[in-house]
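A quick write-up on the structure given underneath.
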Amino acid sequence: MAYVLMIDDNFHHGDTSERYRYGEFVDAGAAVEHCRRIVDEYLQSAYKQGMSASDLWESYTMFGDDPFILNVDVAPVNFSAWDYAQERCAQMCREPG
């Protein structure tokens, strides 16, 4: 019973030869948390002061890692790195006030 975290490379979108296995988790929550961390690390590295959410999102979809979770004999996990990244872009680029 395991949740296997895999990573696709958005720069090579659709090229499964660029896919790699990140790790295996017994707990679904831990697997999702690692996925979020991977997305957040890219977004934080790509973010520039004053950047728009759409520019940050475009950068992520072109160059960021796209983690996803495979389930092996356990209940499926509903996580979309792209959905999460889009939400985080909006949060990170929100204008103050």
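By convention here, the chains of the structure tokens are called A, B, ... in the order presented, each chain's residues are numbered starting at 1, and ligands are numbered starting at 1 in the order presented.
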May I have the residues within 9 Å of segment 26-40 of chain A as a PDB file with all heavy atoms, in the first residue's frame, using only C-alpha atoms and disregarding those fewer than 2 positions away in the same chain?
ATOM      1  N   MET A   1       0.841  -1.180   0.000  1.00  0.00           N
ATOM      2  CA  MET A   1       0.000   0.000   0.000  1.00  0.00           C
ATOM      3  C   MET A   1       0.882   1.237   0.000  1.00  0.00           C
ATOM      4  O   MET A   1       1.664   1.434   0.910  1.00  0.00           O
ATOM      5  CB  MET A   1      -0.890   0.000   1.233  1.00  0.00           C
ATOM      6  CG  MET A   1      -1.822  -1.181   1.276  1.00  0.00           C
ATOM      7  SD  MET A   1      -3.101  -1.216   2.549  1.00  0.00           S
ATOM      8  CE  MET A   1      -2.682  -0.046   3.753  1.00  0.00           C
ATOM      9  N   ALA A   2       0.721   2.053  -1.055  1.00  0.00           N
ATOM     10  CA  ALA A   2       1.587   3.218  -1.126  1.00  0.00           C
ATOM     11  C   ALA A   2       1.038   4.275  -2.068  1.00  0.00           C
ATOM     12  O   ALA A   2       0.271   3.988  -2.978  1.00  0.00           O
ATOM     13  CB  ALA A   2       2.970   2.800  -1.598  1.00  0.00           C
ATOM     14  N   TYR A   3       1.490   5.482  -1.819  1.00  0.00           N
ATOM     15  CA  TYR A   3       1.267   6.606  -2.719  1.00  0.00           C
ATOM     16  C   TYR A   3       2.630   6.929  -3.320  1.00  0.00           C
ATOM     17  O   TYR A   3       3.571   7.238  -2.597  1.00  0.00           O
ATOM     18  CB  TYR A   3       0.710   7.809  -1.959  1.00  0.00           C
ATOM     19  CG  TYR A   3      -0.654   7.532  -1.383  1.00  0.00           C
ATOM     20  CD1 TYR A   3      -0.813   7.101  -0.075  1.00  0.00           C
ATOM     21  CD2 TYR A   3      -1.795   7.676  -2.173  1.00  0.00           C
ATOM     22  CE1 TYR A   3      -2.061   6.842   0.449  1.00  0.00           C
ATOM     23  CE2 TYR A   3      -3.049   7.408  -1.657  1.00  0.00           C
ATOM     24  CZ  TYR A   3      -3.179   6.991  -0.352  1.00  0.00           C
ATOM     25  OH  TYR A   3      -4.424   6.727   0.163  1.00  0.00           O
ATOM     26  N   VAL A   4       2.719   6.839  -4.619  1.00  0.00           N
ATOM     27  CA  VAL A   4       3.983   7.073  -5.312  1.00  0.00           C
ATOM     28  C   VAL A   4       3.931   8.460  -5.936  1.00  0.00           C
ATOM     29  O   VAL A   4       3.038   8.763  -6.737  1.00  0.00           O
ATOM     30  CB  VAL A   4       4.240   6.002  -6.388  1.00  0.00           C
ATOM     31  CG1 VAL A   4       5.542   6.273  -7.114  1.00  0.00           C
ATOM     32  CG2 VAL A   4       4.252   4.610  -5.765  1.00  0.00           C
ATOM     33  N   LEU A   5       4.879   9.298  -5.580  1.00  0.00           N
ATOM     34  CA  LEU A   5       4.953  10.654  -6.105  1.00  0.00           C
ATOM     35  C   LEU A   5       5.865  10.634  -7.331  1.00  0.00           C
ATOM     36  O   LEU A   5       7.026  10.246  -7.250  1.00  0.00           O
ATOM     37  CB  LEU A   5       5.502  11.593  -5.027  1.00  0.00           C
ATOM     38  CG  LEU A   5       5.266  13.076  -5.269  1.00  0.00           C
ATOM     39  CD1 LEU A   5       5.347  13.818  -3.944  1.00  0.00           C
ATOM     40  CD2 LEU A   5       6.206  13.659  -6.251  1.00  0.00           C
ATOM     41  N   ILE A   7       7.086  12.907 -10.945  1.00  0.00           N
ATOM     42  CA  ILE A   7       7.224  14.285 -11.408  1.00  0.00           C
ATOM     43  C   ILE A   7       7.414  14.295 -12.915  1.00  0.00           C
ATOM     44  O   ILE A   7       8.291  13.620 -13.455  1.00  0.00           O
ATOM     45  CB  ILE A   7       8.401  14.997 -10.716  1.00  0.00           C
ATOM     46  CG1 ILE A   7       8.139  15.085  -9.216  1.00  0.00           C
ATOM     47  CG2 ILE A   7       8.610  16.383 -11.317  1.00  0.00           C
ATOM     48  CD1 ILE A   7       9.179  15.804  -8.421  1.00  0.00           C
ATOM     49  N   GLY A  23       9.364   9.699  -4.850  1.00  0.00           N
ATOM     50  CA  GLY A  23       9.353   8.958  -3.593  1.00  0.00           C
ATOM     51  C   GLY A  23       8.053   8.226  -3.394  1.00  0.00           C
ATOM     52  O   GLY A  23       7.131   8.304  -4.203  1.00  0.00           O
ATOM     53  N   GLU A  24       7.992   7.510  -2.292  1.00  0.00           N
ATOM     54  CA  GLU A  24       6.825   6.711  -1.955  1.00  0.00           C
ATOM     55  C   GLU A  24       6.396   7.065  -0.536  1.00  0.00           C
ATOM     56  O   GLU A  24       7.234   7.222   0.346  1.00  0.00           O
ATOM     57  CB  GLU A  24       7.201   5.234  -2.050  1.00  0.00           C
ATOM     58  CG  GLU A  24       6.050   4.292  -1.937  1.00  0.00           C
ATOM     59  CD  GLU A  24       6.471   2.866  -2.219  1.00  0.00           C
ATOM     60  OE1 GLU A  24       7.080   2.602  -3.274  1.00  0.00           O
ATOM     61  OE2 GLU A  24       6.186   2.015  -1.348  1.00  0.00           O
ATOM     62  N   TYR A  42       9.258  26.006  -6.836  1.00  0.00           N
ATOM     63  CA  TYR A  42       9.440  26.597  -8.163  1.00  0.00           C
ATOM     64  C   TYR A  42       8.873  28.014  -8.200  1.00  0.00           C
ATOM     65  O   TYR A  42       9.540  28.950  -8.670  1.00  0.00           O
ATOM     66  CB  TYR A  42       8.787  25.760  -9.278  1.00  0.00           C
ATOM     67  CG  TYR A  42       8.955  26.515 -10.575  1.00  0.00           C
ATOM     68  CD1 TYR A  42      10.157  26.463 -11.265  1.00  0.00           C
ATOM     69  CD2 TYR A  42       7.977  27.384 -11.031  1.00  0.00           C
ATOM     70  CE1 TYR A  42      10.369  27.237 -12.381  1.00  0.00           C
ATOM     71  CE2 TYR A  42       8.179  28.171 -12.144  1.00  0.00           C
ATOM     72  CZ  TYR A  42       9.374  28.096 -12.819  1.00  0.00           C
ATOM     73  OH  TYR A  42       9.587  28.893 -13.920  1.00  0.00           O
ATOM     74  N   LEU A  43       7.647  28.180  -7.710  1.00  0.00           N
ATOM     75  CA  LEU A  43       7.004  29.492  -7.783  1.00  0.00           C
ATOM     76  C   LEU A  43       7.810  30.542  -7.030  1.00  0.00           C
ATOM     77  O   LEU A  43       7.970  31.671  -7.503  1.00  0.00           O
ATOM     78  CB  LEU A  43       5.572  29.417  -7.247  1.00  0.00           C
ATOM     79  CG  LEU A  43       4.600  28.570  -8.067  1.00  0.00           C
ATOM     80  CD1 LEU A  43       3.248  28.493  -7.363  1.00  0.00           C
ATOM     81  CD2 LEU A  43       4.465  29.096  -9.483  1.00  0.00           C
ATOM     82  N   GLN A  44       8.334  30.184  -5.876  1.00  0.00           N
ATOM     83  CA  GLN A  44       9.142  31.132  -5.106  1.00  0.00           C
ATOM     84  C   GLN A  44      10.428  31.494  -5.838  1.00  0.00           C
ATOM     85  O   GLN A  44      10.876  32.631  -5.787  1.00  0.00           O
ATOM     86  CB  GLN A  44       9.430  30.571  -3.716  1.00  0.00           C
ATOM     87  CG  GLN A  44       8.184  30.525  -2.857  1.00  0.00           C
ATOM     88  CD  GLN A  44       8.356  29.700  -1.590  1.00  0.00           C
ATOM     89  OE1 GLN A  44       9.398  29.099  -1.344  1.00  0.00           O
ATOM     90  NE2 GLN A  44       7.308  29.644  -0.794  1.00  0.00           N
ATOM     91  N   SER A  45      11.007  30.532  -6.537  1.00  0.00           N
ATOM     92  CA  SER A  45      12.253  30.809  -7.267  1.00  0.00           C
ATOM     93  C   SER A  45      11.995  31.652  -8.514  1.00  0.00           C
ATOM     94  O   SER A  45      12.869  32.409  -8.939  1.00  0.00           O
ATOM     95  CB  SER A  45      12.958  29.506  -7.654  1.00  0.00           C
ATOM     96  OG  SER A  45      12.268  28.839  -8.694  1.00  0.00           O
ATOM     97  N   TYR A  60       5.442  28.842 -14.665  1.00  0.00           N
ATOM     98  CA  TYR A  60       5.282  27.513 -14.081  1.00  0.00           C
ATOM     99  C   TYR A  60       4.911  26.488 -15.143  1.00  0.00           C
ATOM    100  O   TYR A  60       5.486  25.397 -15.195  1.00  0.00           O
ATOM    101  CB  TYR A  60       4.227  27.516 -12.961  1.00  0.00           C
ATOM    102  CG  TYR A  60       3.907  26.115 -12.513  1.00  0.00           C
ATOM    103  CD1 TYR A  60       4.812  25.398 -11.728  1.00  0.00           C
ATOM    104  CD2 TYR A  60       2.752  25.462 -12.933  1.00  0.00           C
ATOM    105  CE1 TYR A  60       4.564  24.091 -11.367  1.00  0.00           C
ATOM    106  CE2 TYR A  60       2.493  24.160 -12.573  1.00  0.00           C
ATOM    107  CZ  TYR A  60       3.405  23.474 -11.790  1.00  0.00           C
ATOM    108  OH  TYR A  60       3.163  22.170 -11.455  1.00  0.00           O
ATOM    109  N   GLY A  64       8.181  24.704 -14.717  1.00  0.00           N
ATOM    110  CA  GLY A  64       8.092  24.094 -13.391  1.00  0.00           C
ATOM    111  C   GLY A  64       7.926  22.589 -13.437  1.00  0.00           C
ATOM    112  O   GLY A  64       7.660  21.996 -14.484  1.00  0.00           O
ATOM    113  N   ASP A  65       8.105  21.969 -12.279  1.00  0.00           N
ATOM    114  CA  ASP A  65       7.854  20.541 -12.140  1.00  0.00           C
ATOM    115  C   ASP A  65       6.371  20.309 -11.888  1.00  0.00           C
ATOM    116  O   ASP A  65       5.716  21.104 -11.202  1.00  0.00           O
ATOM    117  CB  ASP A  65       8.655  19.955 -10.977  1.00  0.00           C
ATOM    118  CG  ASP A  65      10.131  19.823 -11.306  1.00  0.00           C
ATOM    119  OD1 ASP A  65      10.471  19.725 -12.502  1.00  0.00           O
ATOM    120  OD2 ASP A  65      10.947  19.803 -10.371  1.00  0.00           O
ATOM    121  N   ASP A  66       5.849  19.228 -12.434  1.00  0.00           N
ATOM    122  CA  ASP A  66       4.433  18.882 -12.322  1.00  0.00           C
ATOM    123  C   ASP A  66       4.295  17.566 -11.549  1.00  0.00           C
ATOM    124  O   ASP A  66       4.242  16.492 -12.146  1.00  0.00           O
ATOM    125  CB  ASP A  66       3.836  18.755 -13.727  1.00  0.00           C
ATOM    126  CG  ASP A  66       2.338  18.491 -13.721  1.00  0.00           C
ATOM    127  OD1 ASP A  66       1.711  18.593 -12.655  1.00  0.00           O
ATOM    128  OD2 ASP A  66       1.806  18.177 -14.802  1.00  0.00           O
ATOM    129  N   PRO A  67       4.269  17.647 -10.213  1.00  0.00           N
ATOM    130  CA  PRO A  67       4.166  16.419  -9.420  1.00  0.00           C
ATOM    131  C   PRO A  67       2.752  15.853  -9.456  1.00  0.00           C
ATOM    132  O   PRO A  67       1.773  16.590  -9.532  1.00  0.00           O
ATOM    133  CB  PRO A  67       4.525  16.886  -8.008  1.00  0.00           C
ATOM    134  CG  PRO A  67       4.137  18.317  -7.974  1.00  0.00           C
ATOM    135  CD  PRO A  67       4.347  18.831  -9.368  1.00  0.00           C
ATOM    136  N   PHE A  68       2.671  14.541  -9.413  1.00  0.00           N
ATOM    137  CA  PHE A  68       1.382  13.872  -9.333  1.00  0.00           C
ATOM    138  C   PHE A  68       1.539  12.584  -8.539  1.00  0.00           C
ATOM    139  O   PHE A  68       2.650  12.097  -8.341  1.00  0.00           O
ATOM    140  CB  PHE A  68       0.785  13.611 -10.722  1.00  0.00           C
ATOM    141  CG  PHE A  68       1.594  12.699 -11.600  1.00  0.00           C
ATOM    142  CD1 PHE A  68       1.287  11.354 -11.697  1.00  0.00           C
ATOM    143  CD2 PHE A  68       2.661  13.195 -12.340  1.00  0.00           C
ATOM    144  CE1 PHE A  68       2.033  10.512 -12.518  1.00  0.00           C
ATOM    145  CE2 PHE A  68       3.405  12.364 -13.162  1.00  0.00           C
ATOM    146  CZ  PHE A  68       3.092  11.019 -13.249  1.00  0.00           C
ATOM    147  N   ILE A  69       0.421  12.069  -8.081  1.00  0.00           N
ATOM    148  CA  ILE A  69       0.443  10.927  -7.172  1.00  0.00           C
ATOM    149  C   ILE A  69      -0.232   9.726  -7.828  1.00  0.00           C
ATOM    150  O   ILE A  69      -1.363   9.821  -8.303  1.00  0.00           O
ATOM    151  CB  ILE A  69      -0.272  11.273  -5.855  1.00  0.00           C
ATOM    152  CG1 ILE A  69       0.412  12.464  -5.188  1.00  0.00           C
ATOM    153  CG2 ILE A  69      -0.301  10.068  -4.920  1.00  0.00           C
ATOM    154  CD1 ILE A  69      -0.382  13.089  -4.061  1.00  0.00           C
ATOM    155  N   ALA A  75      -6.599   4.123  -1.632  1.00  0.00           N
ATOM    156  CA  ALA A  75      -7.599   5.029  -2.202  1.00  0.00           C
ATOM    157  C   ALA A  75      -6.918   6.127  -3.021  1.00  0.00           C
ATOM    158  O   ALA A  75      -5.864   6.634  -2.625  1.00  0.00           O
ATOM    159  CB  ALA A  75      -8.416   5.656  -1.084  1.00  0.00           C
ATOM    160  N   PRO A  76      -7.485   6.489  -4.169  1.00  0.00           N
ATOM    161  CA  PRO A  76      -6.888   7.541  -4.989  1.00  0.00           C
ATOM    162  C   PRO A  76      -6.869   8.892  -4.271  1.00  0.00           C
ATOM    163  O   PRO A  76      -7.702   9.164  -3.418  1.00  0.00           O
ATOM    164  CB  PRO A  76      -7.787   7.618  -6.220  1.00  0.00           C
ATOM    165  CG  PRO A  76      -8.790   6.551  -6.090  1.00  0.00           C
ATOM    166  CD  PRO A  76      -8.681   5.930  -4.745  1.00  0.00           C
ATOM    167  N   VAL A  77      -5.901   9.719  -4.643  1.00  0.00           N
ATOM    168  CA  VAL A  77      -5.763  11.059  -4.088  1.00  0.00           C
ATOM    169  C   VAL A  77      -6.092  12.069  -5.178  1.00  0.00           C
ATOM    170  O   VAL A  77      -5.610  11.952  -6.303  1.00  0.00           O
ATOM    171  CB  VAL A  77      -4.311  11.298  -3.592  1.00  0.00           C
ATOM    172  CG1 VAL A  77      -4.129  12.724  -3.144  1.00  0.00           C
ATOM    173  CG2 VAL A  77      -3.974  10.339  -2.484  1.00  0.00           C
ATOM    174  N   ASN A  78      -6.897  13.036  -4.839  1.00  0.00           N
ATOM    175  CA  ASN A  78      -7.279  14.063  -5.791  1.00  0.00           C
ATOM    176  C   ASN A  78      -6.366  15.279  -5.595  1.00  0.00           C
ATOM    177  O   ASN A  78      -6.576  16.069  -4.681  1.00  0.00           O
ATOM    178  CB  ASN A  78      -8.753  14.447  -5.595  1.00  0.00           C
ATOM    179  CG  ASN A  78      -9.235  15.435  -6.627  1.00  0.00           C
ATOM    180  OD1 ASN A  78      -8.630  15.590  -7.681  1.00  0.00           O
ATOM    181  ND2 ASN A  78     -10.330  16.101  -6.321  1.00  0.00           N
ATOM    182  N   PHE A  79      -5.343  15.388  -6.433  1.00  0.00           N
ATOM    183  CA  PHE A  79      -4.434  16.536  -6.371  1.00  0.00           C
ATOM    184  C   PHE A  79      -4.029  16.909  -7.786  1.00  0.00           C
ATOM    185  O   PHE A  79      -3.627  16.056  -8.566  1.00  0.00           O
ATOM    186  CB  PHE A  79      -3.164  16.225  -5.565  1.00  0.00           C
ATOM    187  CG  PHE A  79      -2.168  17.357  -5.589  1.00  0.00           C
ATOM    188  CD1 PHE A  79      -2.346  18.457  -4.781  1.00  0.00           C
ATOM    189  CD2 PHE A  79      -1.090  17.336  -6.463  1.00  0.00           C
ATOM    190  CE1 PHE A  79      -1.445  19.518  -4.820  1.00  0.00           C
ATOM    191  CE2 PHE A  79      -0.187  18.391  -6.511  1.00  0.00           C
ATOM    192  CZ  PHE A  79      -0.371  19.485  -5.682  1.00  0.00           C
ATOM    193  N   ALA A  81      -1.432  19.549  -9.559  1.00  0.00           N
ATOM    194  CA  ALA A  81      -0.371  20.541  -9.378  1.00  0.00           C
ATOM    195  C   ALA A  81      -0.705  21.828 -10.119  1.00  0.00           C
ATOM    196  O   ALA A  81      -0.435  22.921  -9.628  1.00  0.00           O
ATOM    197  CB  ALA A  81       0.963  19.975  -9.843  1.00  0.00           C
ATOM    198  N   TRP A  82      -1.304  21.706 -11.300  1.00  0.00           N
ATOM    199  CA  TRP A  82      -1.642  22.907 -12.065  1.00  0.00           C
ATOM    200  C   TRP A  82      -2.712  23.737 -11.358  1.00  0.00           C
ATOM    201  O   TRP A  82      -2.609  24.959 -11.301  1.00  0.00           O
ATOM    202  CB  TRP A  82      -2.067  22.537 -13.479  1.00  0.00           C
ATOM    203  CG  TRP A  82      -0.905  22.268 -14.387  1.00  0.00           C
ATOM    204  CD1 TRP A  82       0.271  21.643 -14.070  1.00  0.00           C
ATOM    205  CD2 TRP A  82      -0.796  22.613 -15.756  1.00  0.00           C
ATOM    206  NE1 TRP A  82       1.084  21.576 -15.165  1.00  0.00           N
ATOM    207  CE2 TRP A  82       0.452  22.164 -16.223  1.00  0.00           C
ATOM    208  CE3 TRP A  82      -1.652  23.247 -16.648  1.00  0.00           C
ATOM    209  CZ2 TRP A  82       0.885  22.349 -17.525  1.00  0.00           C
ATOM    210  CZ3 TRP A  82      -1.230  23.418 -17.956  1.00  0.00           C
ATOM    211  CH2 TRP A  82       0.025  22.983 -18.389  1.00  0.00           C
ATOM    212  N   TYR A  84      -3.308  23.751  -8.120  1.00  0.00           N
ATOM    213  CA  TYR A  84      -2.651  24.301  -6.933  1.00  0.00           C
ATOM    214  C   TYR A  84      -1.750  25.471  -7.316  1.00  0.00           C
ATOM    215  O   TYR A  84      -1.769  26.526  -6.670  1.00  0.00           O
ATOM    216  CB  TYR A  84      -1.849  23.218  -6.210  1.00  0.00           C
ATOM    217  CG  TYR A  84      -1.100  23.749  -5.018  1.00  0.00           C
ATOM    218  CD1 TYR A  84      -1.765  24.114  -3.854  1.00  0.00           C
ATOM    219  CD2 TYR A  84       0.287  23.904  -5.060  1.00  0.00           C
ATOM    220  CE1 TYR A  84      -1.077  24.624  -2.760  1.00  0.00           C
ATOM    221  CE2 TYR A  84       0.977  24.413  -3.969  1.00  0.00           C
ATOM    222  CZ  TYR A  84       0.291  24.773  -2.830  1.00  0.00           C
ATOM    223  OH  TYR A  84       0.975  25.281  -1.752  1.00  0.00           O
ATOM    224  N   ALA A  85      -0.986  25.319  -8.383  1.00  0.00           N
ATOM    225  CA  ALA A  85      -0.074  26.388  -8.825  1.00  0.00           C
ATOM    226  C   ALA A  85      -0.855  27.637  -9.218  1.00  0.00           C
ATOM    227  O   ALA A  85      -0.437  28.760  -8.899  1.00  0.00           O
ATOM    228  CB  ALA A  85       0.780  25.906  -9.995  1.00  0.00           C
ATOM    229  N   ARG A  88      -1.855  29.400  -6.061  1.00  0.00           N
ATOM    230  CA  ARG A  88      -0.698  30.008  -5.406  1.00  0.00           C
ATOM    231  C   ARG A  88      -0.218  31.234  -6.175  1.00  0.00           C
ATOM    232  O   ARG A  88       0.203  32.224  -5.566  1.00  0.00           O
ATOM    233  CB  ARG A  88       0.436  28.992  -5.266  1.00  0.00           C
ATOM    234  CG  ARG A  88       0.133  27.892  -4.269  1.00  0.00           C
ATOM    235  CD  ARG A  88       0.085  28.407  -2.843  1.00  0.00           C
ATOM    236  NE  ARG A  88       1.408  28.860  -2.465  1.00  0.00           N
ATOM    237  CZ  ARG A  88       1.670  29.983  -1.789  1.00  0.00           C
ATOM    238  NH1 ARG A  88       0.687  30.760  -1.387  1.00  0.00           N
ATOM    239  NH2 ARG A  88       2.903  30.326  -1.514  1.00  0.00           N
TER     240      ARG A  88
END
All strand (DSSP E) positions in chain A, as a list in words: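 Filtering chain A down to strand (DSSP E) leaves Ala2, Tyr3, Val4, Leu5, Met6, Ile7, Asp8, Asp9, Tyr20, Arg21, Tyr22, Gly23, Glu24, Phe25, Asp65, Asp66, Pro67, Phe68, Ile69, Leu70, Asn71 and Val72 of chain A.
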Just to confirm, what's the straight-line distance from atom CA of Ala46 of chain A to atom CA of Gly14 of chain A in Å (one decimal)? 22.1 Å
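In this structure, atom CA of Ser80 of chain A sits 21.5 Å away from atom CA of Arg94 of chain A.
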Could you name the residues that touch Ser59 of chain A at 10 Å or less, counting only C-alpha atoms, but leaving out those on the same chain fewer than 2 positions away, as a PyMOL selection string? chain A and resi 10-11+42-43+46-47+53-57+61-64
To one decimal place, how far is atom CA of Asp73 of chain A from atom CA of Phe25 of chain A in Å?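 Answer for the atom CA of Asp73 of chain A to atom CA of Phe25 of chain A separation: 12.4 Å.
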